[in-house]
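K.L.:
Handing you a structure now.
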Amino acid sequence: MNSQLPGLTGLRNLGNTCYMNAVLQCLCSVPALVEYFIAGKYEAALHKENEESVTAFGHLIVDMWLGELDCVSPEVFHSVLEKQYPTFSRMTQQDAQEFLICVLNELHEAFKKSSRARCVSDAGASRGSVGETSIITELFEGQLTYNITCLKCKTTTHRPESFTVLSLPIPSKQSCSLQDCLKCFFQQDTLTWNNQIHCSWCGTKQDAAVRSTITKAPQIIIFHLKSLKWHFRFEWQGNDKRKLSADIHYPLSGLDLSPYGSPLFCQEAEYSLCAVVNHAGSLDNGHYTAFCKHSGTKNWYSFDDTQITKISNSSVQTDRAYLLFYTCQDLFWTH
């Protein structure tokens, strides 16, 4: 479509780079991140050692929001990133979730500044830095707290972990809802056998009950639809890895995360969907596209490399969803 509307710009496929294009379109649908680059705020916070990749990313974001071209090439950004991460070459299809984490990490490293220390580790997918903040942590970072109870002495310990993407299990191969996935992720689990914990009170390894809660919610929460035991979004069939056709129903608005939060959770706060990365076909031979809600027109658009199509709200629901981006403008937490 010849839109001439800021934010509706296609991206050229450089050869198996649809995964990159889909992720970039979703990040380009986050107004606060776009404004940070378009207004030039990133220049003052930028570390010299990360200047090349982040400057290329910034120029690409600006080009995508100028509204002057139907499509632009992400070649400069891709070339810089490829030097540091050879995995993302043009020769093979890559995983969009892994690329997303890579880009968020790169941006965080470029803008990070010291803050009070906090515990950070993997919660599905996590940045992995400690005691540092950036525009990425401000927008995308949340925190889970794992409440671990020894089943012998009943002592409970609390272990916080930060995250930028929550990888959710899919509890059914046919049809389920995003709430079903969330309930499965946050349900209590029992650690036994090789997974026992060392209880400091008992002085030995013991069985334990573990339940996680959200103790800090990000402004943008990203869900990665993955696996549960033998249920996989992708599974092996012969020599090919294919995606299951599980139909996961997710709301466009009104996503309530309060059942999974700590008592500090604000009951009125709700999330709305702002972007989706879709995947069709097998992991190696499939194709990624994106659905994004335009921050200006509030309409939904499909981004398939250089092709942009306006779509209805009902078309946003699909069984090809792989990454879901939800946003909330309300204040979630008090400290």
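A note on labels: chains of the structure tokens are A, B, ... as shown, every chain counts residues from 1, and ligands are counted from 1 in their shown order.
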Check which residues of segment 51-136 of chain A sit at most 8 Å from segment 1-20 of chain A using only C-alpha atoms, and return one row each with the closest pair of atoms and their distance in Å to one decimal, ordered by chain and rising number, as a Markdown table.
P.N.:
| residue | atom | partner | partner_atom | distance |
| --- | --- | --- | --- | --- |
| A:Met64 | CA | A:Thr9 | CA | 5.3 |
| A:Trp65 | CA | A:Pro6 | CA | 4.4 |
| A:Leu66 | CA | A:Pro6 | CA | 5.4 |
| A:Gly67 | CA | A:Pro6 | CA | 4.0 |
| A:Glu68 | CA | A:Gln4 | CA | 5.8 |
| A:Leu69 | CA | A:Thr9 | CA | 6.6 |
| A:Asp70 | CA | A:Thr9 | CA | 5.2 |
| A:Cys71 | CA | A:Gly10 | CA | 4.1 |
| A:Val72 | CA | A:Leu11 | CA | 5.2 |
| A:Ser73 | CA | A:Arg12 | CA | 5.1 |
| A:Pro74 | CA | A:Leu11 | CA | 6.6 |
| A:Glu75 | CA | A:Leu14 | CA | 7.0 |
| A:Arg90 | CA | A:Gly15 | CA | 5.3 |
| A:Met91 | CA | A:Asn16 | CA | 6.6 |
| A:Thr92 | CA | A:Asn16 | CA | 6.0 |
| A:Gln93 | CA | A:Asn16 | CA | 5.2 |
| A:Gln94 | CA | A:Tyr19 | CA | 6.6 |
| A:Asp95 | CA | A:Tyr19 | CA | 6.6 |
| A:Ala96 | CA | A:Tyr19 | CA | 4.9 |
| A:Phe99 | CA | A:Met20 | CA | 6.9 |
K.L.:
What are the DSSP helix (DSSP H, G or I) residues of segment 22-195 of chain A, as number ranges by chain?
P.N.:
A: 22-27, 31-38, 42-45, 48-65, 75-84, 96-111, 135-140, 178-186, 193-195
K.L.:
Which distance in Å separates atom CA of Val62 of chain A and atom CA of Tyr85 of chain A, to one decimal?
P.N.:
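Separation between atom CA of Val62 of chain A and atom CA of Tyr85 of chain A: 23.5 Å.
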K.L.:
Return the single residue from A:Ser172, A:Ser79, A:Thr87, A:Thr213 that is closest to Leu257 of chain A, with distances computed using only C-alpha atoms.
P.N.:
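Ranked by minimum distance to Leu257 of chain A, first place goes to A:Thr213.
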K.L.:
Using only C-alpha atoms for the distances, tell me which of A:His108, A:Lys310, A:His249, A:Lys226 is nearest to Glu141 of chain A.
P.N.:
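Closest to Glu141 of chain A of all the choices is A:His108.
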K.L.:
Please determine, counting only C-alpha atoms, which residue among A:Ala280, A:Leu100, A:Cys292, A:Ala39 has the shortest atom-to-atom distance to His59 of chain A.
P.N.:
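Looking at the shortest contact to His59 of chain A, the residue is A:Ala39.
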K.L.:
From a DSSP pass on the backbone, collect the residues of segment 41-139 of chain A flagged as strand (DSSP E or B) and hand them back as a ChimeraX atom specification.
P.N.:
/A:71-72,113-114,125,132-133
K.L.:
Looking at only C-alpha atoms, which of A:Cys102, A:Ile214, A:Gln219, A:His294 is the one that sits closest to Phe88 of chain A?
P.N.:
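Checking each of A:Cys102, A:Ile214, A:Gln219, A:His294 against Phe88 of chain A, counting only C-alpha atoms, the winner is A:Cys102.
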K.L.:
Between A:Ser53, A:Ser253, A:Ser282, A:Ile135, which is the closest to Leu33 of chain A once you count only C-alpha atoms?
P.N.:
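Of A:Ser53, A:Ser253, A:Ser282, A:Ile135, the one nearest Leu33 of chain A, counting only C-alpha atoms, is A:Ile135.
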K.L.:
Report as a VMD selection string all protein, DNA and RNA residues lying within 8 Å of Cys26 of chain A, evaluated on only C-alpha atoms, omitting residues in the same chain fewer than 5 positions from it.
P.N.:
chain A and resid 275 to 277 290 to 292 325
K.L.:
Those residues with all heavy atoms, as a PDB file, in the first residue's frame please?
P.N.:
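Once everything was written out, this is result29.pdb:
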ATOM      1  N   ALA A 275       1.014  -5.549  19.323  1.00  0.00           N
ATOM      2  CA  ALA A 275       1.743  -6.141  18.204  1.00  0.00           C
ATOM      3  C   ALA A 275       1.813  -7.658  18.364  1.00  0.00           C
ATOM      4  O   ALA A 275       1.756  -8.181  19.480  1.00  0.00           O
ATOM      5  CB  ALA A 275       3.146  -5.556  18.098  1.00  0.00           C
ATOM      6  N   VAL A 276       1.945  -8.350  17.228  1.00  0.00           N
ATOM      7  CA  VAL A 276       2.041  -9.810  17.200  1.00  0.00           C
ATOM      8  C   VAL A 276       3.079 -10.217  16.160  1.00  0.00           C
ATOM      9  O   VAL A 276       3.071  -9.698  15.035  1.00  0.00           O
ATOM     10  CB  VAL A 276       0.699 -10.471  16.831  1.00  0.00           C
ATOM     11  CG1 VAL A 276       0.817 -11.996  16.869  1.00  0.00           C
ATOM     12  CG2 VAL A 276      -0.426  -9.983  17.731  1.00  0.00           C
ATOM     13  N   VAL A 277       3.967 -11.125  16.527  1.00  0.00           N
ATOM     14  CA  VAL A 277       4.826 -11.779  15.539  1.00  0.00           C
ATOM     15  C   VAL A 277       4.187 -13.123  15.217  1.00  0.00           C
ATOM     16  O   VAL A 277       3.927 -13.926  16.119  1.00  0.00           O
ATOM     17  CB  VAL A 277       6.257 -11.990  16.064  1.00  0.00           C
ATOM     18  CG1 VAL A 277       7.053 -12.884  15.106  1.00  0.00           C
ATOM     19  CG2 VAL A 277       6.974 -10.647  16.223  1.00  0.00           C
ATOM     20  N   ALA A 290       4.136  -9.778  10.820  1.00  0.00           N
ATOM     21  CA  ALA A 290       3.764  -9.057  12.034  1.00  0.00           C
ATOM     22  C   ALA A 290       2.414  -8.381  11.858  1.00  0.00           C
ATOM     23  O   ALA A 290       2.069  -7.931  10.765  1.00  0.00           O
ATOM     24  CB  ALA A 290       4.826  -8.013  12.383  1.00  0.00           C
ATOM     25  N   PHE A 291       1.657  -8.326  12.942  1.00  0.00           N
ATOM     26  CA  PHE A 291       0.458  -7.501  13.036  1.00  0.00           C
ATOM     27  C   PHE A 291       0.776  -6.398  14.041  1.00  0.00           C
ATOM     28  O   PHE A 291       1.224  -6.685  15.160  1.00  0.00           O
ATOM     29  CB  PHE A 291      -0.745  -8.293  13.552  1.00  0.00           C
ATOM     30  CG  PHE A 291      -1.240  -9.371  12.628  1.00  0.00           C
ATOM     31  CD1 PHE A 291      -2.007 -10.423  13.136  1.00  0.00           C
ATOM     32  CD2 PHE A 291      -0.961  -9.348  11.272  1.00  0.00           C
ATOM     33  CE1 PHE A 291      -2.482 -11.421  12.303  1.00  0.00           C
ATOM     34  CE2 PHE A 291      -1.429 -10.350  10.422  1.00  0.00           C
ATOM     35  CZ  PHE A 291      -2.188 -11.393  10.938  1.00  0.00           C
ATOM     36  N   CYS A 292       0.566  -5.148  13.666  1.00  0.00           N
ATOM     37  CA  CYS A 292       0.859  -4.035  14.563  1.00  0.00           C
ATOM     38  C   CYS A 292      -0.295  -3.043  14.580  1.00  0.00           C
ATOM     39  O   CYS A 292      -0.879  -2.744  13.528  1.00  0.00           O
ATOM     40  CB  CYS A 292       2.147  -3.313  14.144  1.00  0.00           C
ATOM     41  SG  CYS A 292       3.615  -4.374  14.110  1.00  0.00           S
ATOM     42  N   PHE A 325       2.836  -8.827  22.065  1.00  0.00           N
ATOM     43  CA  PHE A 325       3.267  -7.612  22.751  1.00  0.00           C
ATOM     44  C   PHE A 325       2.049  -6.924  23.342  1.00  0.00           C
ATOM     45  O   PHE A 325       1.140  -6.513  22.600  1.00  0.00           O
ATOM     46  CB  PHE A 325       3.952  -6.646  21.775  1.00  0.00           C
ATOM     47  CG  PHE A 325       5.279  -7.116  21.225  1.00  0.00           C
ATOM     48  CD1 PHE A 325       5.363  -8.224  20.395  1.00  0.00           C
ATOM     49  CD2 PHE A 325       6.448  -6.429  21.529  1.00  0.00           C
ATOM     50  CE1 PHE A 325       6.575  -8.648  19.876  1.00  0.00           C
ATOM     51  CE2 PHE A 325       7.667  -6.832  21.009  1.00  0.00           C
ATOM     52  CZ  PHE A 325       7.736  -7.945  20.185  1.00  0.00           C
TER      53      PHE A 325
END
K.L.:
With distances taken over only C-alpha atoms, which of A:Thr318, A:Thr137, A:Thr309, A:Asn105 is nearest to Ala246 of chain A?
P.N.:
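When distances to Ala246 of chain A are compared using only C-alpha atoms, the smallest one comes from A:Thr318.
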K.L.:
Which residues are near Gln179 of chain A? Cut-off 10 Å, only C-alpha atoms, ignore same chain within fewer than 5 positions. Put them as an NGL selection string.
P.N.:
:A and (184-185 or 248-251 or 255-257)
K.L.:
Using only N, CA and C atoms, please write the residues we just selected to a file, as a PDB file, in the first residue's frame.
P.N.:
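Once written, again_2.pdb looks like this:
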ATOM      1  N   CYS A 184      -1.110 -21.983  33.624  1.00  0.00           N
ATOM      2  CA  CYS A 184      -0.160 -23.095  33.609  1.00  0.00           C
ATOM      3  C   CYS A 184       1.223 -22.629  34.063  1.00  0.00           C
ATOM      4  N   PHE A 185       1.627 -21.449  33.609  1.00  0.00           N
ATOM      5  CA  PHE A 185       2.944 -20.911  33.970  1.00  0.00           C
ATOM      6  C   PHE A 185       3.019 -20.613  35.462  1.00  0.00           C
ATOM      7  N   ILE A 248      -4.492 -20.629  19.936  1.00  0.00           N
ATOM      8  CA  ILE A 248      -4.441 -19.930  21.209  1.00  0.00           C
ATOM      9  C   ILE A 248      -5.212 -18.624  21.100  1.00  0.00           C
ATOM     10  N   HIS A 249      -6.264 -18.505  21.887  1.00  0.00           N
ATOM     11  CA  HIS A 249      -7.093 -17.304  21.855  1.00  0.00           C
ATOM     12  C   HIS A 249      -6.529 -16.260  22.818  1.00  0.00           C
ATOM     13  N   TYR A 250      -6.292 -15.064  22.313  1.00  0.00           N
ATOM     14  CA  TYR A 250      -5.721 -14.002  23.135  1.00  0.00           C
ATOM     15  C   TYR A 250      -6.547 -12.732  22.940  1.00  0.00           C
ATOM     16  N   PRO A 251      -6.761 -11.971  24.008  1.00  0.00           N
ATOM     17  CA  PRO A 251      -7.608 -10.767  23.923  1.00  0.00           C
ATOM     18  C   PRO A 251      -6.869  -9.596  23.279  1.00  0.00           C
ATOM     19  N   LEU A 255      -6.616  -7.475  29.071  1.00  0.00           N
ATOM     20  CA  LEU A 255      -5.866  -8.589  29.664  1.00  0.00           C
ATOM     21  C   LEU A 255      -5.551  -8.247  31.119  1.00  0.00           C
ATOM     22  N   ASP A 256      -6.073  -9.052  32.020  1.00  0.00           N
ATOM     23  CA  ASP A 256      -5.925  -8.807  33.460  1.00  0.00           C
ATOM     24  C   ASP A 256      -4.856  -9.746  34.019  1.00  0.00           C
ATOM     25  N   LEU A 257      -3.777  -9.163  34.535  1.00  0.00           N
ATOM     26  CA  LEU A 257      -2.697  -9.965  35.115  1.00  0.00           C
ATOM     27  C   LEU A 257      -2.743  -9.975  36.639  1.00  0.00           C
TER      28      LEU A 257
END
K.L.:
For Ala56 of chain A, list every protein, DNA or RNA residue within 8 Å, evaluated using only C-alpha atoms, and leave out those in the same chain fewer than 2 positions away; present the list as a PyMOL selection string.
P.N.:
chain A and resi 52-54+58-60+76-77+80
K.L.:
Within 10 Å of Cys199 of chain A, counting only C-alpha atoms, which residues qualify if same-chain residues fewer than 5 places away don't, as number ranges by chain?
P.N.:
A: 148-157, 204-208
K.L.:
Kindly give the distance, in Å, that separates atom CA of Ala217 of chain A and atom CA of Asp319 of chain A, rounded to a single decimal.
P.N.:
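Computed distance, atom CA of Ala217 of chain A to atom CA of Asp319 of chain A, equals 26.4 Å.
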K.L.:
Just to confirm, what's the straight-line distance from atom CA of Pro86 of chain A to atom CA of Ile101 of chain A in Å (one decimal)?
P.N.:
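Rounded to one decimal, the two atoms are 15.0 Å apart.
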